[in-house]
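Pasted below: my_file-v6.cif, mmCIF, C-alpha atoms and all ligand atoms.
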data_coords
#
loop_
_atom_site.label_atom_id
_atom_site.label_comp_id
_atom_site.auth_asym_id
_atom_site.auth_seq_id
_atom_site.Cartn_x
_atom_site.Cartn_y
_atom_site.Cartn_z
CA MET A 245 91.70 40.95 100.26
CA ASN A 246 88.30 39.26 99.88
CA PRO A 247 85.44 40.77 101.87
CA SER A 248 84.32 38.90 105.01
CA SER A 249 80.75 37.72 105.05
CA CYS A 250 78.21 39.02 107.54
CA ASP A 251 74.41 38.97 107.92
CA TYR A 252 73.68 42.63 107.22
CA ILE A 253 75.38 45.86 106.32
CA ILE A 254 73.68 49.22 106.86
CA HIS A 255 74.63 52.46 105.17
CA ALA A 256 73.97 55.46 107.42
CA ALA A 257 73.95 59.06 106.23
CA TRP A 258 74.49 59.75 109.94
CA LEU A 259 75.40 57.20 112.60
CA ILE A 260 74.97 57.95 116.31
CA THR A 261 77.13 55.32 118.01
CA GLN A 262 76.65 56.17 121.73
CA ASP A 263 80.08 54.57 122.24
CA HIS A 264 82.47 55.79 124.98
CA GLU A 265 83.50 58.83 122.93
CA ARG A 266 79.90 59.46 121.82
CA ARG A 267 81.08 59.43 118.22
CA VAL A 268 78.72 60.60 115.51
CA ILE A 269 79.89 59.51 112.05
CA GLU A 270 78.67 60.96 108.78
CA ASN A 271 78.39 58.56 105.82
CA ALA A 272 78.98 55.52 108.02
CA GLY A 273 78.55 51.78 107.77
CA VAL A 274 77.59 49.10 110.27
CA ALA A 275 78.17 45.36 109.79
CA VAL A 276 76.02 42.91 111.76
CA SER A 277 76.61 39.21 112.28
CA ASN A 278 75.18 36.53 114.59
CA GLY A 279 73.08 39.00 116.52
CA ARG A 280 75.98 41.33 117.26
CA ILE A 281 77.62 44.41 115.83
CA LEU A 282 80.64 43.15 113.92
CA ASP A 283 82.15 46.44 112.83
CA VAL A 284 81.49 50.18 112.61
CA GLY A 285 83.26 52.72 110.42
CA VAL A 286 83.09 54.97 107.40
CA TRP A 287 80.87 53.51 104.69
CA ASP A 288 83.58 52.98 102.06
CA ASP A 289 85.61 50.80 104.45
CA ILE A 290 82.64 48.75 105.71
CA ASN A 291 81.33 48.29 102.17
CA ARG A 292 84.73 47.13 100.98
CA GLU A 293 85.50 44.84 103.91
CA TYR A 294 82.13 43.11 104.38
CA GLU A 295 79.67 41.32 102.21
CA GLY A 296 76.11 40.91 103.47
CA ASP A 297 72.48 41.85 102.79
CA GLU A 298 72.32 45.63 102.63
CA LEU A 299 69.33 46.83 104.66
CA LEU A 300 67.26 49.61 103.03
CA PRO A 301 69.78 50.28 100.22
CA GLY A 302 69.80 53.68 98.56
CA ARG A 303 68.02 55.35 101.46
CA GLU A 304 69.08 58.35 103.50
CA LEU A 305 69.13 56.97 107.03
CA LEU A 306 69.91 58.13 110.53
CA VAL A 307 71.09 54.98 112.30
CA MET A 308 71.31 54.75 116.08
CA PRO A 309 71.02 52.30 118.99
CA GLY A 310 67.50 51.11 119.82
CA LEU A 311 65.94 52.99 122.73
CA VAL A 312 65.54 51.58 126.26
CA ASN A 313 62.14 52.18 127.88
CA ALA A 314 63.13 51.46 131.47
CA HIS A 315 59.71 51.54 133.11
CA THR A 316 56.34 50.52 131.74
CA HIS A 317 53.30 48.33 132.29
CA ALA A 318 52.76 46.83 128.83
CA PRO A 319 49.21 45.42 129.18
CA MET A 320 47.94 48.90 130.16
CA THR A 321 47.74 49.76 126.46
CA LEU A 322 44.17 48.45 126.78
CA PHE A 323 43.40 51.39 129.08
CA ARG A 324 44.93 54.06 126.87
CA GLY A 325 42.74 57.16 127.05
CA LEU A 326 40.18 55.45 129.28
CA ALA A 327 40.43 58.13 131.97
CA ASP A 328 42.54 61.27 131.84
CA ASP A 329 42.88 64.54 133.73
CA LEU A 330 42.54 62.99 137.21
CA PRO A 331 44.86 62.93 140.27
CA LEU A 332 46.94 59.75 140.74
CA MET A 333 44.95 58.13 143.57
CA GLU A 334 41.51 58.84 142.09
CA TRP A 335 42.71 57.71 138.67
CA LEU A 336 44.16 54.48 140.13
CA GLN A 337 41.30 53.64 142.46
CA THR A 338 38.22 54.54 140.39
CA HIS A 339 39.43 53.66 136.90
CA VAL A 340 42.58 51.57 136.75
CA PHE A 341 42.26 49.08 139.62
CA PRO A 342 38.57 48.14 138.86
CA VAL A 343 39.28 47.22 135.22
CA GLU A 344 42.64 45.64 136.04
CA GLN A 345 40.82 43.25 138.38
CA LYS A 346 39.02 41.78 135.34
CA HIS A 347 42.19 40.97 133.42
CA THR A 348 42.56 37.47 131.98
CA PRO A 349 45.70 35.81 130.62
CA GLU A 350 44.37 36.61 127.15
CA SER A 351 43.82 40.34 127.79
CA VAL A 352 47.25 40.64 129.44
CA TYR A 353 48.90 38.87 126.51
CA PHE A 354 47.25 40.94 123.76
CA GLY A 355 47.60 44.22 125.67
CA ALA A 356 51.31 43.46 126.04
CA LEU A 357 51.62 42.43 122.40
CA LEU A 358 50.07 45.75 121.34
CA ALA A 359 52.66 47.49 123.54
CA CYS A 360 55.40 45.48 121.85
CA ALA A 361 54.06 46.48 118.42
CA GLU A 362 53.99 50.15 119.44
CA MET A 363 57.50 50.08 120.89
CA THR A 364 58.90 48.18 117.88
CA ARG A 365 57.27 50.71 115.55
CA PHE A 366 58.67 53.66 117.51
CA GLY A 367 62.22 52.42 117.92
CA VAL A 368 62.23 50.95 121.43
CA THR A 369 64.25 47.72 121.41
CA THR A 370 64.36 47.03 125.17
CA PHE A 371 61.84 47.66 127.91
CA CYS A 372 61.39 46.89 131.58
CA ASP A 373 57.91 45.80 132.61
CA MET A 374 55.97 45.42 135.82
CA HIS A 375 52.52 43.77 135.74
CA PHE A 376 50.66 40.87 137.24
CA MET A 377 50.28 37.70 135.11
CA ALA A 378 53.81 38.47 133.99
CA ALA A 379 54.15 35.05 132.37
CA ASP A 380 51.71 36.27 129.71
CA VAL A 381 53.67 39.50 129.24
CA TRP A 382 56.78 37.33 128.89
CA LYS A 383 55.07 35.29 126.15
CA ALA A 384 54.12 38.47 124.25
CA VAL A 385 57.73 39.71 124.46
CA ASP A 386 59.00 36.34 123.33
CA ASP A 387 56.63 36.35 120.34
CA SER A 388 57.46 39.98 119.42
CA GLY A 389 61.24 39.52 119.34
CA LEU A 390 61.93 42.50 121.62
CA ARG A 391 64.36 42.49 124.53
CA ALA A 392 62.82 42.97 127.99
CA LEU A 393 62.99 42.59 131.72
CA VAL A 394 59.66 41.29 132.99
CA GLY A 395 58.47 41.38 136.59
CA GLU A 396 55.38 40.05 138.37
CA ALA A 397 53.93 43.13 140.10
CA ILE A 398 53.57 42.40 143.79
CA PHE A 399 50.56 43.92 145.59
CA GLY A 400 49.33 43.29 149.11
CA PHE A 401 45.82 42.64 147.86
CA PRO A 402 44.38 39.88 145.65
CA ASN A 403 44.29 40.29 141.87
CA PRO A 404 43.50 38.00 138.93
CA SER A 405 47.04 36.58 139.10
CA TYR A 406 47.20 35.54 142.77
CA ALA A 407 45.08 35.49 145.92
CA ASN A 408 47.88 36.11 148.41
CA PHE A 409 51.62 36.67 148.73
CA GLU A 410 52.36 32.95 148.86
CA GLU A 411 50.79 32.51 145.43
CA ALA A 412 52.56 35.63 144.19
CA CYS A 413 55.88 34.01 145.14
CA ILE A 414 54.97 30.97 143.04
CA ALA A 415 54.47 33.30 140.05
CA VAL A 416 57.84 34.92 140.79
CA GLU A 417 59.59 31.54 141.02
CA HIS A 418 57.94 30.50 137.76
CA LEU A 419 59.55 33.48 135.98
CA ILE A 420 62.95 32.80 137.53
CA PHE A 421 62.72 29.14 136.48
CA LYS A 422 61.72 30.15 132.94
CA HIS A 423 64.75 32.43 132.80
CA HIS A 424 67.16 29.70 133.75
CA GLY A 425 66.02 27.54 130.88
CA GLY A 426 65.11 30.16 128.32
CA SER A 427 65.95 33.07 126.08
CA SER A 428 68.62 35.57 127.06
CA ARG A 429 66.53 38.28 125.38
CA ILE A 430 64.13 38.16 128.32
CA ALA A 431 65.00 38.15 132.00
CA PRO A 432 62.94 38.48 135.16
CA ILE A 433 63.03 41.31 137.66
CA LEU A 434 61.48 41.55 141.09
CA ALA A 435 58.73 44.14 141.10
CA PRO A 436 57.03 45.06 144.37
CA HIS A 437 54.53 47.71 143.24
CA SER A 438 55.19 50.43 145.86
CA VAL A 439 55.59 51.05 149.58
CA TYR A 440 51.88 51.90 149.91
CA THR A 441 50.59 48.64 148.34
CA THR A 442 52.94 46.16 150.06
CA THR A 443 54.02 45.00 153.52
CA PRO A 444 57.60 45.07 154.87
CA ASP A 445 57.72 41.28 154.48
CA MET A 446 56.86 41.53 150.77
CA LEU A 447 59.67 44.03 150.26
CA THR A 448 62.33 42.02 152.09
CA THR A 449 61.27 38.67 150.60
CA THR A 450 61.30 39.97 147.03
CA TYR A 451 64.65 41.67 147.65
CA GLN A 452 66.03 38.34 148.85
CA TYR A 453 64.84 36.69 145.61
CA ALA A 454 66.71 39.41 143.70
CA GLU A 455 69.87 38.79 145.75
CA ASP A 456 69.68 35.01 145.42
CA ASN A 457 69.19 35.11 141.65
CA ASN A 458 71.29 38.15 140.77
CA LEU A 459 68.30 40.15 139.48
CA LYS A 460 67.14 43.75 139.63
CA TRP A 461 64.45 44.91 142.08
CA MET A 462 62.19 47.67 140.84
CA ILE A 463 59.69 49.68 142.86
CA HIS A 464 57.56 52.81 142.33
CA LEU A 465 59.06 55.12 144.95
CA ALA A 466 58.72 58.76 146.01
CA GLU A 467 56.27 59.34 143.16
CA THR A 468 54.25 62.01 144.99
CA GLN A 469 54.40 64.11 148.15
CA ALA A 470 51.20 62.36 149.27
CA GLU A 471 53.06 59.02 149.16
CA THR A 472 55.81 60.49 151.33
CA ALA A 473 53.30 61.87 153.86
CA GLU A 474 51.51 58.51 154.12
CA CYS A 475 54.81 56.64 154.53
CA VAL A 476 55.97 59.01 157.28
CA GLN A 477 52.65 58.56 159.07
CA LYS A 478 52.63 54.76 158.76
CA HIS A 479 56.31 53.90 159.14
CA GLY A 480 57.83 57.07 160.64
CA LYS A 481 60.17 57.42 157.67
CA ARG A 482 60.24 58.88 154.19
CA PRO A 483 59.94 56.22 151.43
CA LEU A 484 63.67 56.00 150.66
CA ALA A 485 64.67 55.72 154.33
CA TYR A 486 61.93 53.12 154.79
CA ILE A 487 63.20 50.76 152.07
CA ASP A 488 66.78 51.40 153.23
CA SER A 489 65.82 50.43 156.80
CA LEU A 490 64.51 47.14 155.40
CA GLY A 491 67.81 46.46 153.60
CA CYS A 492 66.25 47.05 150.16
CA LEU A 493 68.51 49.85 148.92
CA GLY A 494 71.51 48.61 146.95
CA PRO A 495 72.89 48.19 143.45
CA ARG A 496 69.89 45.98 142.56
CA THR A 497 67.39 48.67 143.44
CA VAL A 498 65.74 50.55 140.60
CA ILE A 499 63.42 53.35 141.65
CA ALA A 500 60.64 54.28 139.24
CA HIS A 501 59.79 58.02 139.34
CA GLY A 502 61.81 59.40 142.30
CA VAL A 503 59.94 62.72 142.16
CA ASP A 504 59.88 63.63 145.86
CA LEU A 505 63.56 63.18 146.69
CA GLU A 506 65.74 65.53 148.74
CA PRO A 507 69.40 66.24 147.83
CA ASP A 508 70.69 64.05 150.70
CA GLU A 509 68.46 61.23 149.46
CA LEU A 510 69.99 61.54 145.99
CA ASP A 511 73.43 61.14 147.57
CA ARG A 512 72.20 58.07 149.43
CA ILE A 513 70.92 56.54 146.16
CA ALA A 514 74.18 57.34 144.36
CA LYS A 515 76.24 55.83 147.21
CA ALA A 516 74.12 52.67 147.16
CA GLY A 517 74.66 52.31 143.39
CA ALA A 518 70.90 52.17 142.84
CA GLY A 519 69.22 53.59 139.74
CA VAL A 520 66.27 55.87 139.08
CA VAL A 521 63.93 55.76 136.09
CA HIS A 522 62.78 59.24 135.19
CA CYS A 523 59.21 59.29 133.77
CA PRO A 524 58.62 62.98 133.00
CA LYS A 525 55.48 62.70 130.89
CA SER A 526 53.59 60.45 133.31
CA ASN A 527 54.62 62.73 136.21
CA MET A 528 53.41 65.78 134.30
CA LYS A 529 50.09 64.20 133.31
CA LEU A 530 49.27 62.94 136.80
CA ALA A 531 50.55 66.23 138.28
CA SER A 532 52.93 64.27 140.49
CA GLY A 533 55.60 66.96 140.25
CA VAL A 534 59.05 67.34 138.71
CA ALA A 535 61.68 64.72 139.51
CA PRO A 536 65.09 66.32 140.21
CA ALA A 537 66.66 64.65 137.14
CA PRO A 538 69.42 67.27 136.57
CA ALA A 539 70.45 67.00 140.25
CA MET A 540 70.36 63.20 140.06
CA ARG A 541 72.81 63.22 137.22
CA ALA A 542 74.99 65.90 138.84
CA ARG A 543 75.17 63.83 142.04
CA GLY A 544 76.08 60.62 140.24
CA VAL A 545 72.75 58.78 140.40
CA ARG A 546 72.43 56.28 137.56
CA THR A 547 69.45 57.51 135.58
CA ALA A 548 67.22 55.92 132.95
CA LEU A 549 64.17 57.09 131.03
CA GLY A 550 60.74 55.45 130.99
CA THR A 551 57.24 56.13 129.79
CA ASP A 552 55.26 54.38 132.54
CA GLY A 553 52.09 52.64 131.33
CA ALA A 554 49.93 53.74 128.42
CA ALA A 555 47.11 54.67 130.81
CA SER A 556 49.15 57.52 132.28
CA ASN A 557 51.33 58.57 129.35
CA ASN A 558 49.51 57.72 126.87
CA THR A 559 52.26 56.51 124.52
CA LEU A 560 55.19 54.13 124.88
CA GLY A 561 57.62 55.70 122.42
CA LEU A 562 60.75 57.33 123.75
CA PHE A 563 61.33 60.06 121.15
CA THR A 564 58.62 62.27 122.60
CA GLU A 565 59.64 61.20 126.13
CA MET A 566 63.19 62.44 125.44
CA ARG A 567 61.78 65.79 124.38
CA TYR A 568 59.70 66.09 127.56
CA ALA A 569 62.80 65.23 129.64
CA ALA A 570 64.81 67.95 127.91
CA LEU A 571 62.16 70.67 127.93
CA LEU A 572 60.53 70.13 131.32
CA HIS A 573 63.74 70.78 133.27
CA LYS A 574 64.72 73.83 131.25
CA ALA A 575 61.35 75.43 131.97
CA HIS A 576 61.39 74.28 135.60
CA THR A 577 64.92 75.53 136.39
CA ARG A 578 64.89 78.49 133.95
CA ASP A 579 68.23 77.20 132.75
CA ALA A 580 68.44 76.29 129.04
CA THR A 581 71.68 74.34 129.57
CA VAL A 582 70.25 71.58 131.79
CA MET A 583 69.35 68.16 130.36
CA ASP A 584 71.07 68.88 127.06
CA ALA A 585 70.29 66.65 124.06
CA GLN A 586 73.30 64.36 124.57
CA SER A 587 72.47 63.75 128.26
CA VAL A 588 68.87 62.96 127.42
CA LEU A 589 69.90 60.56 124.64
CA ASP A 590 72.29 58.89 127.10
CA ILE A 591 69.56 58.12 129.64
CA ALA A 592 67.38 56.75 126.82
CA THR A 593 70.11 54.39 125.54
CA CYS A 594 73.39 53.28 127.15
CA GLU A 595 72.78 54.69 130.64
CA GLY A 596 69.28 53.24 130.72
CA ALA A 597 70.72 49.85 129.78
CA ARG A 598 73.21 50.17 132.64
CA VAL A 599 70.47 51.00 135.17
CA LEU A 600 68.68 47.81 134.10
CA GLY A 601 71.88 45.77 134.41
CA LEU A 602 71.85 44.72 130.76
CA GLU A 603 74.88 43.25 129.05
CA LYS A 604 77.75 45.72 128.53
CA GLY A 605 77.48 47.43 125.16
CA THR A 606 73.67 47.41 125.11
CA GLY A 607 72.43 50.84 124.06
CA ALA A 608 75.49 51.55 121.91
CA ILE A 609 76.58 50.66 118.39
CA THR A 610 80.08 49.41 118.96
CA PRO A 611 81.85 46.18 117.87
CA GLY A 612 80.69 43.24 119.99
CA SER A 613 77.56 44.87 121.36
CA PRO A 614 74.12 43.29 120.82
CA ALA A 615 72.73 44.32 117.41
CA ASP A 616 69.80 46.39 118.69
CA ILE A 617 69.64 49.03 115.97
CA ILE A 618 67.06 51.43 114.58
CA ALA A 619 67.03 53.52 111.41
CA LEU A 620 65.11 56.76 110.84
CA ASP A 621 64.11 58.07 107.44
CA LEU A 622 66.08 61.30 107.14
CA THR A 623 64.07 62.51 104.16
CA ARG A 624 61.09 63.38 106.41
CA PRO A 625 60.46 67.16 106.26
CA ASN A 626 60.78 67.57 110.04
CA LEU A 627 64.35 66.18 109.89
CA ARG A 628 65.65 68.52 107.13
CA PRO A 629 68.28 69.83 106.99
CA CYS A 630 70.49 67.85 109.38
CA TYR A 631 73.50 69.47 111.06
CA ASN A 632 73.45 67.55 114.30
CA PRO A 633 71.58 64.22 114.44
CA VAL A 634 71.64 64.12 118.28
CA SER A 635 69.65 67.36 118.28
CA HIS A 636 67.20 65.87 115.77
CA VAL A 637 66.43 62.71 117.71
CA VAL A 638 65.71 64.68 120.90
CA TYR A 639 64.09 67.85 119.57
CA ALA A 640 62.66 67.08 116.12
CA ALA A 641 61.87 63.37 115.69
CA GLU A 642 58.44 62.06 116.65
CA GLY A 643 59.20 58.35 116.34
CA GLY A 644 57.12 57.78 113.20
CA GLU A 645 60.31 58.33 111.19
CA VAL A 646 61.60 54.93 112.36
CA CYS A 647 61.69 52.72 109.26
CA MET A 648 63.66 49.76 110.63
CA THR A 649 63.93 48.15 114.04
CA MET A 650 66.38 45.33 114.75
CA VAL A 651 66.86 43.37 117.97
CA ALA A 652 69.70 40.88 118.42
CA GLY A 653 70.40 41.07 114.70
CA GLU A 654 66.82 40.21 113.70
CA VAL A 655 64.75 42.75 111.74
CA LEU A 656 61.42 43.08 113.57
CA TYR A 657 60.00 45.99 111.61
CA LYS A 658 60.75 47.46 108.21
CA ASP A 659 58.91 50.09 106.20
CA GLY A 660 55.47 49.62 107.72
CA ALA A 661 55.62 45.83 108.11
CA PHE A 662 56.18 43.76 111.23
CA THR A 663 58.08 40.56 110.60
CA ARG A 664 56.88 38.62 113.65
CA ILE A 665 53.62 40.23 114.76
CA ASP A 666 50.53 39.57 112.63
CA TYR A 667 49.35 43.15 113.01
CA PRO A 668 45.91 42.90 111.30
CA ALA A 669 45.06 39.91 113.51
CA LEU A 670 46.30 41.80 116.58
CA LEU A 671 44.10 44.78 115.67
CA ASP A 672 41.07 42.50 115.51
CA ARG A 673 41.74 41.21 119.02
CA ILE A 674 42.29 44.75 120.30
CA ARG A 675 38.95 45.89 118.81
CA THR A 676 37.18 43.15 120.76
CA LEU A 677 39.14 43.77 123.96
CA GLY A 678 38.54 47.52 123.70
CA GLY A 679 34.78 46.90 123.67
CA TRP A 680 35.15 44.69 126.73
CA VAL A 681 37.13 47.33 128.66
CA ARG A 682 34.54 49.98 127.76
CA GLU A 683 31.75 47.82 129.21
CA ILE A 684 33.64 47.24 132.48
CA ASN A 685 34.49 50.91 132.85
CA ARG A 686 30.84 51.90 132.32
CA GLY A 687 29.85 49.49 135.06
CA SER A 688 32.41 50.77 137.58
CA ALA A 689 32.37 54.53 136.93
ZN ZN B 701 54.61 52.70 136.81
#
How does this structure look as structure tokens?
Amino acid sequence: MNPSSCDYIIHAAWLITQDHERRVIENAGVAVSNGRILDVGVWDDINREYEGDELLPGRELLVMPGLVNAHTHAPMTLFRGLADDLPLMEWLQTHVFPVEQKHTPESVYFGALLACAEMTRFGVTTFCDMHFMAADVWKAVDDSGLRALVGEAIFGFPNPSYANFEEACIAVEHLIFKHHGGSSRIAPILAPHSVYTTTPDMLTTTYQYAEDNNLKWMIHLAETQAETAECVQKHGKRPLAYIDSLGCLGPRTVIAHGVDLEPDELDRIAKAGAGVVHCPKSNMKLASGVAPAPAMRARGVRTALGTDGAASNNTLGLFTEMRYAALLHKAHTRDATVMDAQSVLDIATCEGARVLGLEKGTGAITPGSPADIIALDLTRPNLRPCYNPVSHVVYAAEGGEVCMTMVAGEVLYKDGAFTRIDYPALLDRIRTLGGWVREINRGSA
């Protein structure tokens, strides 16, 4: 029988499929065609049955689904390392909010494009973003080739994107309109910032937009005990009960952080079919506390993994984030069996994709699923020898081992080179913008 033609074939020394059986295949092959995974199997079969461009031939590769960074603020790359070692509110109010107020469409675009470059380089193929001037984030995502959900962050105070809530709604409608006519790689979400920066009307109105347009609704919630105390004082309820009382807790709801949650609240989230994005490194750095991620999973809460913005992380890669998720809970519970490597990989791939409501099959390498694939160079010293690749990606890989990133069947990065982003030109813009941020920060500190 003659081989069938396809766009690419990839030879994997180890393939992590993240399919229903969580199969890991040694000496495997993947065939890709028209933006989708065509077939998966042992290398000899794939090589015999398909004819296509072999990606990175002759290399020893660990091939796996691209990672899903379920919560970030892409343009915040411009504030990476600007202020560290401060509590959340002081950090936000004296350093982040003053410089954010000076953002322009250009700084948002290039900050987001830098984030896209970083995520592409470190194996993230999908992310979920919340920022004002989201149309400019959207453009950066579109130019980068990544897959993303993009939301206009809704605050109850003016910012460079809008003067009031009415104008914010226009920005939201603009994104929804764009979506209806545009790329399926990018979709909008509704993104009220938090309970402490919005009014009840902002929460219910944005939730209605989500309902009307079948979109997700993401909010920072229960991030700190201080947030809970303020919410109880202002609204007489804890944050989760507050959004629930407004009709904003359902399958569309995605909670970023969820640190200060009681067991009965976890049950309430699970029953509602809502999701939580666990952001362990950001929570550790801002001393927000430890989210009950093992209990979430045990109680059936859909859980994803996110980095949060580069001002509080300070990186956007998910390999190190997976390691924090695995190690933090073992130390915290004194139980080495919690958040095992497979569970952590799940929340960073297929489960994360499910929390974000992405197309079925996203976050797995299985026939028919979107071809969002990454390859790691297995000859790196920190990945030798290899007995169990799932262990390696959670406990040994740093992210720099990624040598190929593909989204929707398009190679976006290969062996040090970006195919879409003009990286030297981007660096030039970031040098200039970095100088500008430094000046503003000097003026406001
Ligand atoms: Zn955040």
Expected answer as a PyMOL selection string: all residues with atoms within 8 Å of (61.4, 43.1, 142.1), only C-alpha atoms: chain A and resi 395-397+433-436+450-451+454+459-463
Cut-off 9 Å, only C-alpha atoms and all ligand atoms, neighbours of ligand ZN 701 (chain B) as a PyMOL selection string: chain A and resi 315-317+373-374+437+463-464+500-501+523+526+550-553+556
Would you output that residue set with C-alpha atoms, as a PDB file, in the frame of the given file?
ATOM      1  CA  HIS A 315      59.710  51.540 133.110  1.00  0.00           C
ATOM      2  CA  THR A 316      56.340  50.520 131.740  1.00  0.00           C
ATOM      3  CA  HIS A 317      53.300  48.330 132.290  1.00  0.00           C
ATOM      4  CA  ASP A 373      57.910  45.800 132.610  1.00  0.00           C
ATOM      5  CA  MET A 374      55.970  45.420 135.820  1.00  0.00           C
ATOM      6  CA  HIS A 437      54.530  47.710 143.240  1.00  0.00           C
ATOM      7  CA  ILE A 463      59.690  49.680 142.860  1.00  0.00           C
ATOM      8  CA  HIS A 464      57.560  52.810 142.330  1.00  0.00           C
ATOM      9  CA  ALA A 500      60.640  54.280 139.240  1.00  0.00           C
ATOM     10  CA  HIS A 501      59.790  58.020 139.340  1.00  0.00           C
ATOM     11  CA  CYS A 523      59.210  59.290 133.770  1.00  0.00           C
ATOM     12  CA  SER A 526      53.590  60.450 133.310  1.00  0.00           C
ATOM     13  CA  GLY A 550      60.740  55.450 130.990  1.00  0.00           C
ATOM     14  CA  THR A 551      57.240  56.130 129.790  1.00  0.00           C
ATOM     15  CA  ASP A 552      55.260  54.380 132.540  1.00  0.00           C
ATOM     16  CA  GLY A 553      52.090  52.640 131.330  1.00  0.00           C
ATOM     17  CA  SER A 556      49.150  57.520 132.280  1.00  0.00           C
TER      18      SER A 556
END
One decimal, in Å: what's the spacing between CA of Gly679 (chain A) and CA of Val343 (chain A)? 12.4 Å
Length of the CA of Ala466 (chain A) to CA of Ala554 (chain A) vector [Å]: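 Straight-line distance from CA of Ala466 (chain A) to CA of Ala554 (chain A) works out to 20.3 Å.
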Pick from A:Val681, A:Cys413, A:Leu560, A:Ala327 nearest to Met363 (chain A), counting only C-alpha atoms: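 So, comparing all the options, the nearest one is A:Leu560.
Within the 9 Å cut-off around Arg391 (chain A), using all atoms listed in the file and omitting residues fewer than 4 positions from it on the same chain, the listed residues are Thr369, Thr370, Phe371, Cys372, Val385, Asp386, Ser428, Arg429, Ile430, Ala431, Asp616, Val651 and Ala652 of chain A.
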Can I get the selection written as a PDB file, keeping the file's coordinate frame, with C-alpha atoms?
ATOM      1  CA  THR A 369      64.250  47.720 121.410  1.00  0.00           C
ATOM      2  CA  THR A 370      64.360  47.030 125.170  1.00  0.00           C
ATOM      3  CA  PHE A 371      61.840  47.660 127.910  1.00  0.00           C
ATOM      4  CA  CYS A 372      61.390  46.890 131.580  1.00  0.00           C
ATOM      5  CA  VAL A 385      57.730  39.710 124.460  1.00  0.00           C
ATOM      6  CA  ASP A 386      59.000  36.340 123.330  1.00  0.00           C
ATOM      7  CA  SER A 428      68.620  35.570 127.060  1.00  0.00           C
ATOM      8  CA  ARG A 429      66.530  38.280 125.380  1.00  0.00           C
ATOM      9  CA  ILE A 430      64.130  38.160 128.320  1.00  0.00           C
ATOM     10  CA  ALA A 431      65.000  38.150 132.000  1.00  0.00           C
ATOM     11  CA  ASP A 616      69.800  46.390 118.690  1.00  0.00           C
ATOM     12  CA  VAL A 651      66.860  43.370 117.970  1.00  0.00           C
ATOM     13  CA  ALA A 652      69.700  40.880 118.420  1.00  0.00           C
TER      14      ALA A 652
END
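Distances to Leu322 (chain A) were evaluated for A:Glu350, A:Asp251, A:Glu304, A:Asp504 using all atoms listed in the file, and the minimum falls at A:Glu350.
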Provide the CA of Ala575 (chain A) to CA of Ala470 (chain A) distance in Å, to one decimal place. 23.9 Å
Around all of region 297-303 of chain A's listed atoms, make the axis-aligned box with 8 Å on each side and tell me centre and edge lengths in Å to one decimal, as JSON.
{"center_x": 69.9, "center_y": 48.6, "center_z": 101.6, "size_x": 21.2, "size_y": 29.5, "size_z": 22.1}
Given only C-alpha atoms as the counted atoms, nearest of A:Leu357, A:Thr606, A:Thr364, A:Leu447 to Met650 (chain A):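 Among the listed residues, the smallest separation from Met650 (chain A) belongs to A:Thr364.
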Mind checking which residues fall within 8 Å of Val534 (chain A), counting all atoms listed in the file, ignoring those fewer than 4 positions away in the same chain, and posting them as a count of residues only? 6
Quick one: everything within 10 Å of Glu270 (chain A), counting only C-alpha atoms, minus sequence neighbours fewer than 3 positions away in the same chain. Send it as a VMD selection string. chain A and resid 256 to 260 267 273 285 to 287 306 633
Could the residues in this selection be written to a file with C-alpha atoms, as an mmCIF file, in the coordinates of the input?
data_model
loop_
_atom_site.group_PDB
_atom_site.id
_atom_site.type_symbol
_atom_site.label_atom_id
_atom_site.label_comp_id
_atom_site.auth_asym_id
_atom_site.auth_seq_id
_atom_site.Cartn_x
_atom_site.Cartn_y
_atom_site.Cartn_z
ATOM 1 C CA ALA A 256 73.970 55.460 107.420
ATOM 2 C CA ALA A 257 73.950 59.060 106.230
ATOM 3 C CA TRP A 258 74.490 59.750 109.940
ATOM 4 C CA LEU A 259 75.400 57.200 112.600
ATOM 5 C CA ILE A 260 74.970 57.950 116.310
ATOM 6 C CA ARG A 267 81.080 59.430 118.220
ATOM 7 C CA GLY A 273 78.550 51.780 107.770
ATOM 8 C CA GLY A 285 83.260 52.720 110.420
ATOM 9 C CA VAL A 286 83.090 54.970 107.400
ATOM 10 C CA TRP A 287 80.870 53.510 104.690
ATOM 11 C CA LEU A 306 69.910 58.130 110.530
ATOM 12 C CA PRO A 633 71.580 64.220 114.440
#
Within 12 Å of (70.3, 60.0, 130.4), all atoms listed in the file: residues as an MDAnalysis selection string? chainID A and resid 262 311:314 519:523 537:538 540:542 544:550 562 565:567 569:570 582:599 607 638
Looking at A:Gly653, A:Gly644, A:Gly660, A:Gly601, which one is nearest to Leu393 (chain A), with distances taken over only C-alpha atoms?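 Closest residue, counting only C-alpha atoms: A:Gly601.
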Skipping near chain neighbours, those fewer than 2 positions away, what residues fall within 12 Å of Leu490 (chain A) using only C-alpha atoms, listed as a short mmCIF file (atom, residue, chain, number, x, y, z; two decimals) with C-alpha atoms, keeping the file's coordinate frame?
data_model
loop_
_atom_site.label_atom_id
_atom_site.label_comp_id
_atom_site.auth_asym_id
_atom_site.auth_seq_id
_atom_site.Cartn_x
_atom_site.Cartn_y
_atom_site.Cartn_z
CA VAL A 439 55.59 51.05 149.58
CA THR A 443 54.02 45.00 153.52
CA PRO A 444 57.60 45.07 154.87
CA ASP A 445 57.72 41.28 154.48
CA MET A 446 56.86 41.53 150.77
CA LEU A 447 59.67 44.03 150.26
CA THR A 448 62.33 42.02 152.09
CA THR A 449 61.27 38.67 150.60
CA THR A 450 61.30 39.97 147.03
CA TYR A 451 64.65 41.67 147.65
CA GLN A 452 66.03 38.34 148.85
CA HIS A 479 56.31 53.90 159.14
CA LYS A 481 60.17 57.42 157.67
CA PRO A 483 59.94 56.22 151.43
CA LEU A 484 63.67 56.00 150.66
CA ALA A 485 64.67 55.72 154.33
CA TYR A 486 61.93 53.12 154.79
CA ILE A 487 63.20 50.76 152.07
CA ASP A 488 66.78 51.40 153.23
CA CYS A 492 66.25 47.05 150.16
CA LEU A 493 68.51 49.85 148.92
CA GLY A 494 71.51 48.61 146.95
#
